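Chemist: Starting off with a structure, shown below.
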Amino acid sequence: MSDAQIQLTIDGKKVSCDPGTTIFDAARMNGIYIPTLCHQQNERPVGVCRVCVVDAGARVLPASCVRAAENNMVVSTNNEKVAKARHTLVEMLMADHPSPCARQRHSGDCELETLAARENITTLRYPRRVSPRGQDDSSLVIAVDHEACILCDRCMRGCDEIKGNFVIGRHGKGYKAGIAFDNNSPMGNSSCVSCGECMTDCPTGALTNKSTVRSTLPGEEIDVEELLNLPYFEKVSGTFLELNKHSVVKRRFRAGEVICREGEYGSTAFYILDGRAKVFVNTPMAHIKTHDSSTGWLKKLTSTLAKRSPETRRGVDVERTRSIPIDAPVDLPLDNPVAELGAGDLFGEMTCMSLYPRSATVVASTDCVMLEMLRNVLDIIQRNKTLRAQLDEKYRTRALQDHLRSVPMFAELDDSFIDVLRQRVELVRYSKGDVIVRQGEIADSFYLVRIGFVKVTEQHPGGDLVLAYLGRGGYFGEIGLLGGGRRTATVTALDHAEVVRIHAEEFQQMIDRYPNIRQSLTQVAHDRTEANEKRLETAVSMPLDSFLTQGLMEAQSLLVLDLEKCTRCDQCTRACADAHDGVTRLIREGLRYDKFLVATSCRQCRDPLCMVGCPVGSIRRRNSLEVVIEDWCIGCGLCAKNCPYGNISMHPIPGTEQGKAKVNYKATSCDLCTDLAEPSCVYACPHDAAHRVEPNEFFKWLGPDAFTEARR
Amino acid sequence: MRIDQTQRPWIAATILLFAIATGVYIPYALLTLGGPRGGTALGLLYGALGYSMMLFAGLLGARKKYPIMRVGRAQTWMRGHLWLGLLSFPFILYHSGFMWRGSLTAWLMLLFLIVWVSGIAGAVIQHLVPRYMATQVPLETIYEEIPHVRQQLRDEADQLAVSICGELEQRKMAEAATTGEPQPAVATATLAEIEVADRNRFREVYLQRVKPFLENPEAASELSTPQTAAAAFESMRRLLPKPVHAVVDDLESICEEERQLVRQRKIYTWLHGWLIVHVPLSIALLVLGAIHAIVALTY
């Protein structure tokens with residue numbers, strides 16, 4: 001004990017401590033308990049909860065965690081005055097606390113509720129806060145209940161001082177005050193790296209671990225130590241891994257063993273630790289489409305007379321489509337859809353993050369060891385800068401070239417320019433709902449979608465108009481860069497999305513160097529602008545609610561039957577079946593408006609929800625009206641589920657798997673008989689009853705009174 | 001097909017051709033010695049033109065068999081069938097000079113008359129009946145699906161009834177009682193509010209009055225027409241307690257849908273029934289017409 005030491009009395013006990021020591025620490029070091037909520041030893045004291053108040057002889061009761069001890073100070077930690085003040089403080093905190101909170105429910109260790117129990121607080125004297133602060137469920141790993149937050153700032157200090165992430169702060173005033181992530185973004189959309197520090201610091205149920213799964217994954221359990229020794233888990237919070245250790249397992253596959261099958265639903269991603277795996281599309285490359293499968297000389301003759309070119313469809317990009325986008329770091333070549341994955345490759349991200357069906361079948365080529373993980377773990381390792389950099393580097397070196405060249409108009413980029421881009425492009429991740437570009441902003445980049453889906457919308461006084469959904473291989477931003485320099489639409493991530501960002505400078509270099517690309521992009525920009533104007537024109541001219549309610553407004557082409565002319569001969573259905581290998585794509589039933597029946601057949605919607613989530617991008621719209629299902633459809637059925645009007649059906653086709661016969665499925669939907677001058681159903685109607693019309697034309701036929709008589 | 005304004009060009013062309021044919025025929029009939037005959041040059045021309053029109057009209061059937069064949073829109077073929085088929089009759093009459101001398105030609109003319117009249121009847125039916133169908137059968141379904149829809153309606157009605165009175169059949173009721181099998185979930189809430197006597201009465205009403213109609217909606221029943229059905233359901237409502245009325249309303253709707261399906265079948269039969277006469281006789285007519293032409297030209 002040195003001379004410089006401070007002598008004081010706490011609860012009648014003489015104690016000494018170094019100068020600068022707080023009363024709280026002095027008491028703690030001498031075994032005297034002072035309750036607190038906002039203070040913990042590894043954090044800078046802030047004295048915001050004031051539960052640790054003591055009587056130091058002054059008029060005001062100081063917070064012991066911040067009040068430095070002084071010589072000859074006489075401190076009481078639990079006299080009547082202190083006890084009353086503390087009791088009142090805890091009562092007030094409990095008044096706003098949803099008791100029992102999540103933490104109390106799960107582990108019974110909510111510090112506030114424990115303290116309230118010590119204080120024998122059973123009934124509350126104070127009214128509850130009237131302005132609820134709500135919950136934030138956006139993070140995959142941490143549940144945020146702002147209601148349970150007591151604004152102790154322990155999470156903020158943990159995030160800033162312990163981890164140095166600087167994500168959490170305060171926002172709002174008075175009753176609306178709360179913690180915020182970045183600029184008050186939802187936690188899942190913020191720059192939070194899910195280290196778990198805030199969650200372990202939180203004294204209540206405001207920040208809790210989402211106990212997602214209790215080991216439902218088959219495989220070998222891995223110790224946290226072992227995980228932390230893996231390079232990809234470097235710097236990941238050990239606490240977090242301990243809490244979520246059941247969400248990642250080690251899997252061993254023998255050569256030839258199927259790891260996942262295309263079309264199946266799953267919720268995990270795989271990271272290859274050792275070995276090689278073959279990834280391929282097993283569903284036969286076939287299309288239930290208009291083609292000549294005629295038998296018999298007369299049918300053959302009619303097919304010849306029909307002058308169809310079965311494998312050819314309209315659209316500039318069609319013939320040049322060379323690859324199938326899949327949920328892996330590689331695309332599959334269209335002519336031979338097989339590729340190989342090796343150690344360090346991660347696949348199944350979209351399935352894991354957005355629960356889309358598996359896009360391809362993966363079979364172990366050699367004996368493999370893999371990590372199979374749920375999305376809470378995938379999310380946290382993706383936020384890990386080391387792994388992120390590693391995966392990004394892999395993408396740049398291995399997949400960027402294929403990805404760029406899979407977009408038909410970039411097919412001519414030479415290797416030297418791709419090398420330039422390889423170093424300069426930026427890979428950016430977005431969470432669901434994040435705005436990637438906003439209408440009206442200055443256009444500074446061109447974007448290529450790498451993973452996930454984005455929605456392109458245009459703002460109008462009446463609301464947003466959906467212009468397109470873009471999946472892997474889709475691109476946007478060219479109109480702003482080529483045109484007025486400002487964004488003409490807003491692009492939002494529909495789910496977990498990753499985009500390749502090519503900055504304006506490189507974009508300019510690219511179009512200067514490749515005049516064909518400039519020309520193609522200009523043409524696409526022109527087509528898109530024209531199509532958007534047309535959509536807007538239609539939207540403005542269709543004010544009727546019922547029309548909107550039935551989704552007819554979304555249509556670009558309705559198959560309408562005039563029931564006063566239709567003799568129910570079913571020639572339309574027969575023609576459709578004849579044009580599509582015996583599988584009709586229309587059902588002569590549906591909504592009735594006055595004398596018209598809107599048949600169940602693809603409406604080629606403006607807002608084609610069917611396209612969202614296709615794991616291989618096989619349902620798409622070329623730069624034209626028709627929504628087409630490409631030959632590489634894997635038959636997962638997601639588009640059929642997504643279509644709100646039941647206009648997509650799944651059709652069985654024979655196939656094989658590992659030498660055994662198997663029934664595969666392909667999605668079928670009306671393609672407007674793209675290779676024929678007029679849809680077969682309309683052409684074959686002998687009674688002038690079947691028509692393909694735009695909704696506004698249909699609306700003109702009807703007149704406004706018809707809607708009041710809409711039946712079923 | 002509706003005979004509407006869009007048919008005007010065809011009507012005009014038909015009238016014009018008819019006028020020309022008649023204009024040529026009158027002097028021909030008046031000036032030809034021995035009267036007009038099929039064997040004269042003009043008579044043969046009328047015959048060839050008339051038969052060609054019949055043949056074209058007959059080819060509509062083949063055209064329909066190959067609906068995607070790009071040889072003109074089916075609508076054009078149908079209009080051609082209609083108007084050229086109509087026109088073929090005067091041409092054949094002019095060909096024959098209004099006389100049929102042999103038994104084959106007599107039969108041919110009779111056949112042609114039947115085909116022609118049935119065709120006109122068909123055109124009238126297909127002009128009028130689709131509109132009637134659209135107004136009379138708002139709940140129309142695909143014709144081939146009618147048995148399936150009817151089965152669904154029967155199942156739905158049974159489920160509704162079970163939700164009120166428990167098992168419908170005595171045997172199942174006894175089984176449920178002995179095994180202590182719980183009542184269907186949907187029934188739990190309702191059953192609690194309804195007296196046993198009312199449940200039994202409902203069962204009786206359903207089994208004796210509603211179910212037989214649903215099983216065989218085409219048989220005579222008090223539920224066969226909307227008027228008698230309304231009265232019948234009103235009497236059921238008077239018999240049964242209020243909590244059951246919502247289910248009675250649903251049953252009434254189901255019966256209405258059944259009636260519409262019956263109506264649809266009937267109307268559908270009208271729409272297509274005439275084809276049973278028209279199509280086979282047309283084929284016979286074309287074959288016999290060809291035989292007549294060969295025989296007449298050869299001998």
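By order in the structure tokens, chains are A, B, ...; within a chain, residues start at 1; ligands start at 1, following the order shown.
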Against chain B, which residues of chain A fall within 7 Å? For each one I want the closest pair of atoms and the distance in Å (one decimal), counting only C-alpha atoms, rows by chain and increasing residue number, as JSON lines.

Modeler:
{"residue": "A:Thr302", "atom": "CA", "partner": "B:Met69", "partner_atom": "CA", "distance": 5.2}
{"residue": "A:Ser303", "atom": "CA", "partner": "B:Met69", "partner_atom": "CA", "distance": 6.7}
{"residue": "A:Leu305", "atom": "CA", "partner": "B:Arg70", "partner_atom": "CA", "distance": 6.3}
{"residue": "A:Ala306", "atom": "CA", "partner": "B:Arg70", "partner_atom": "CA", "distance": 4.6}
{"residue": "A:Leu563", "atom": "CA", "partner": "B:Ala134", "partner_atom": "CA", "distance": 6.0}
{"residue": "A:Glu564", "atom": "CA", "partner": "B:Arg131", "partner_atom": "CA", "distance": 4.2}
{"residue": "A:Lys565", "atom": "CA", "partner": "B:Met1", "partner_atom": "CA", "distance": 5.3}
{"residue": "A:Cys566", "atom": "CA", "partner": "B:Pro130", "partner_atom": "CA", "distance": 6.3}
{"residue": "A:Thr567", "atom": "CA", "partner": "B:Pro130", "partner_atom": "CA", "distance": 5.9}
{"residue": "A:Ala575", "atom": "CA", "partner": "B:Pro67", "partner_atom": "CA", "distance": 5.1}
{"residue": "A:Asp578", "atom": "CA", "partner": "B:Ile68", "partner_atom": "CA", "distance": 6.9}
{"residue": "A:Ala579", "atom": "CA", "partner": "B:Ile68", "partner_atom": "CA", "distance": 6.5}
{"residue": "A:Arg588", "atom": "CA", "partner": "B:Ile142", "partner_atom": "CA", "distance": 6.8}
{"residue": "A:Glu589", "atom": "CA", "partner": "B:Thr141", "partner_atom": "CA", "distance": 6.7}
{"residue": "A:Lys595", "atom": "CA", "partner": "B:Ala134", "partner_atom": "CA", "distance": 6.7}
{"residue": "A:Ser680", "atom": "CA", "partner": "B:Ile68", "partner_atom": "CA", "distance": 5.8}
{"residue": "A:Tyr683", "atom": "CA", "partner": "B:Arg73", "partner_atom": "CA", "distance": 5.3}
{"residue": "A:Ala684", "atom": "CA", "partner": "B:Ala74", "partner_atom": "CA", "distance": 5.0}
{"residue": "A:Cys685", "atom": "CA", "partner": "B:Ala74", "partner_atom": "CA", "distance": 5.8}
{"residue": "A:Pro686", "atom": "CA", "partner": "B:Gln75", "partner_atom": "CA", "distance": 3.8}
{"residue": "A:His687", "atom": "CA", "partner": "B:Met1", "partner_atom": "CA", "distance": 4.6}
{"residue": "A:Asp688", "atom": "CA", "partner": "B:Gln75", "partner_atom": "CA", "distance": 5.9}

Chemist: Just want the 8 Å neighbourhood of Ile324 of chain A, counted on only C-alpha atoms, with same-chain residues fewer than 2 positions away dropped. Output as a ChimeraX atom specification.

Modeler: /A:322,326,331-334,337,616-618,632

Chemist: Could you pull out the helix (DSSP H, G or I) residues of segment 301-490 of chain A from DSSP and send them as a ChimeraX atom specification?

Modeler: /A:301-306,349-354,375-383,385-406,408-410,415-424,478-482

Chemist: When you count only C-alpha atoms, which of these residues is closest to Arg450 of chain A: A:Tyr395, A:Ser431, A:Gln523, A:Arg424?

Modeler: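 Ranking A:Tyr395, A:Ser431, A:Gln523, A:Arg424 by distance to Arg450 of chain A, first place goes to A:Tyr395.
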
Chemist: What's around Met99 of chain B at 12 Å? Count only C-alpha atoms, leave out sequence neighbours fewer than 4 positions away in its own chain, and write the answer as a ChimeraX atom specification.

Modeler: /B:35-38,92-95,103,105-106,108-110

Chemist: Neighbouring residues of Leu82 of chain B were defined as those with any atom within 9 Å, considering only C-alpha atoms; residues of the same chain fewer than 4 positions away were excluded. Please report them as JSON, numbers by chain.

Modeler: {"B": [57, 77, 78, 86, 87, 119, 120, 123]}

Chemist: Report, in Å with one decimal, the straight-line distance from atom CA of Arg603 of chain A to atom CA of Ser359 of chain A.

Modeler: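 Computed distance, atom CA of Arg603 of chain A to atom CA of Ser359 of chain A, equals 26.0 Å.
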
Chemist: Give me the residues within 10 Å of Leu89 of chain A as a ChimeraX atom specification, counting only C-alpha atoms and dropping any in the same chain fewer than 2 places off.

Modeler: /A:49-51,53,83-87,91-95,116

Chemist: Can those selected residues be exported to a file as a tab-separated table (two decimals), in the first residue's frame so that it contains N, CA and C atoms?

Modeler:
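Generated output (part.tsv):
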chain	number	residue	atom	x	y	z
A	49	CYS	N	-27.34	4.27	-16.19
A	49	CYS	CA	-28.51	3.61	-15.59
A	49	CYS	C	-28.74	4.12	-14.16
A	50	ARG	N	-27.71	4.52	-13.51
A	50	ARG	CA	-27.72	5.08	-12.17
A	50	ARG	C	-28.24	4.10	-11.12
A	51	VAL	N	-28.24	2.85	-11.43
A	51	VAL	CA	-28.65	1.84	-10.45
A	51	VAL	C	-27.57	1.69	-9.38
A	53	VAL	N	-26.09	3.90	-7.77
A	53	VAL	CA	-25.96	5.09	-6.92
A	53	VAL	C	-25.57	4.71	-5.49
A	83	ALA	N	-31.36	2.95	-1.09
A	83	ALA	CA	-32.26	1.83	-1.41
A	83	ALA	C	-33.53	2.34	-2.07
A	84	LYS	N	-34.05	3.47	-1.58
A	84	LYS	CA	-35.28	4.01	-2.13
A	84	LYS	C	-35.06	4.50	-3.56
A	85	ALA	N	-33.93	5.18	-3.73
A	85	ALA	CA	-33.61	5.70	-5.07
A	85	ALA	C	-33.44	4.54	-6.06
A	86	ARG	N	-32.70	3.51	-5.65
A	86	ARG	CA	-32.44	2.37	-6.53
A	86	ARG	C	-33.74	1.62	-6.85
A	87	HIS	N	-34.54	1.47	-5.78
A	87	HIS	CA	-35.82	0.77	-5.97
A	87	HIS	C	-36.68	1.51	-7.00
A	91	GLU	N	-37.88	0.20	-10.59
A	91	GLU	CA	-39.32	0.19	-10.88
A	91	GLU	C	-39.60	0.90	-12.21
A	92	MET	N	-38.95	2.04	-12.40
A	92	MET	CA	-39.17	2.80	-13.64
A	92	MET	C	-38.67	2.03	-14.87
A	93	LEU	N	-37.53	1.40	-14.71
A	93	LEU	CA	-37.02	0.61	-15.85
A	93	LEU	C	-37.94	-0.57	-16.14
A	94	MET	N	-38.43	-1.19	-15.08
A	94	MET	CA	-39.31	-2.34	-15.28
A	94	MET	C	-40.64	-1.94	-15.91
A	95	ALA	N	-41.05	-0.70	-15.66
A	95	ALA	CA	-42.32	-0.24	-16.21
A	95	ALA	C	-42.31	-0.33	-17.74
A	116	ALA	N	-34.84	-6.71	-10.29
A	116	ALA	CA	-36.20	-6.40	-9.84
A	116	ALA	C	-36.67	-7.44	-8.83

Chemist: Go through B:Val262, B:Leu104, B:Val248, B:Ile254 and flag the residue nearest Gly289 of chain B, using only C-alpha atoms for the distances.

Modeler: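 Using only C-alpha atoms, Gly289 of chain B sits closest to B:Leu104.
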
Chemist: Write out as a PyMOL selection string which residues come within 12 Å of Val499 of chain A when counting only C-alpha atoms, dropping same-chain ones fewer than 5 positions away.

Modeler: chain A and resi 392+395+400+403-404+425-431+436-437+445-454+470-477+491-493

Chemist: Write a file of the selected residues as a compact mmCIF listing (two decimals), in the first residue's frame, keeping C-alpha atoms.

Modeler:
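That gives us result_15.txt:
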# COMPACT_ATOMS: atom_id res chain seq x y z
CA ASP A 392 -14.08 -12.27 -53.91
CA TYR A 395 -14.64 -14.86 -58.12
CA LEU A 400 -15.78 -12.90 -63.52
CA HIS A 403 -19.93 -14.17 -65.88
CA LEU A 404 -19.21 -11.16 -68.09
CA VAL A 425 -14.63 -3.93 -60.41
CA GLU A 426 -16.17 -3.85 -57.00
CA LEU A 427 -18.21 -6.70 -55.57
CA VAL A 428 -20.98 -5.36 -53.42
CA ARG A 429 -23.44 -7.26 -51.22
CA TYR A 430 -26.92 -6.12 -50.39
CA SER A 431 -29.52 -7.43 -48.03
CA ILE A 436 -28.76 -0.22 -54.76
CA VAL A 437 -29.39 2.85 -56.89
CA SER A 445 -21.63 2.91 -62.14
CA PHE A 446 -22.92 0.06 -64.19
CA TYR A 447 -24.05 -3.08 -62.35
CA LEU A 448 -24.15 -6.72 -63.18
CA VAL A 449 -26.15 -9.04 -60.93
CA ARG A 450 -24.04 -11.86 -59.58
CA ILE A 451 -26.26 -13.45 -56.95
CA GLY A 452 -29.90 -12.96 -56.03
CA PHE A 453 -32.63 -10.83 -57.52
CA VAL A 454 -33.18 -7.12 -57.78
CA LEU A 470 -33.25 -9.04 -62.73
CA GLY A 471 -31.45 -12.16 -61.66
CA ARG A 472 -27.93 -13.44 -62.18
CA GLY A 473 -26.61 -12.12 -65.48
CA GLY A 474 -29.02 -9.18 -65.46
CA TYR A 475 -27.55 -5.71 -65.67
CA PHE A 476 -28.65 -2.17 -64.99
CA GLY A 477 -27.34 1.36 -64.85
CA VAL A 491 -33.11 -0.71 -58.00
CA THR A 492 -33.73 -2.61 -54.79
CA ALA A 493 -32.39 -5.95 -53.61

Chemist: Quick one: distance from atom CA of Met53 of chain B to atom CA of Thr22 of chain B in Å, one decimal?

Modeler: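 The value is 16.3 Å.
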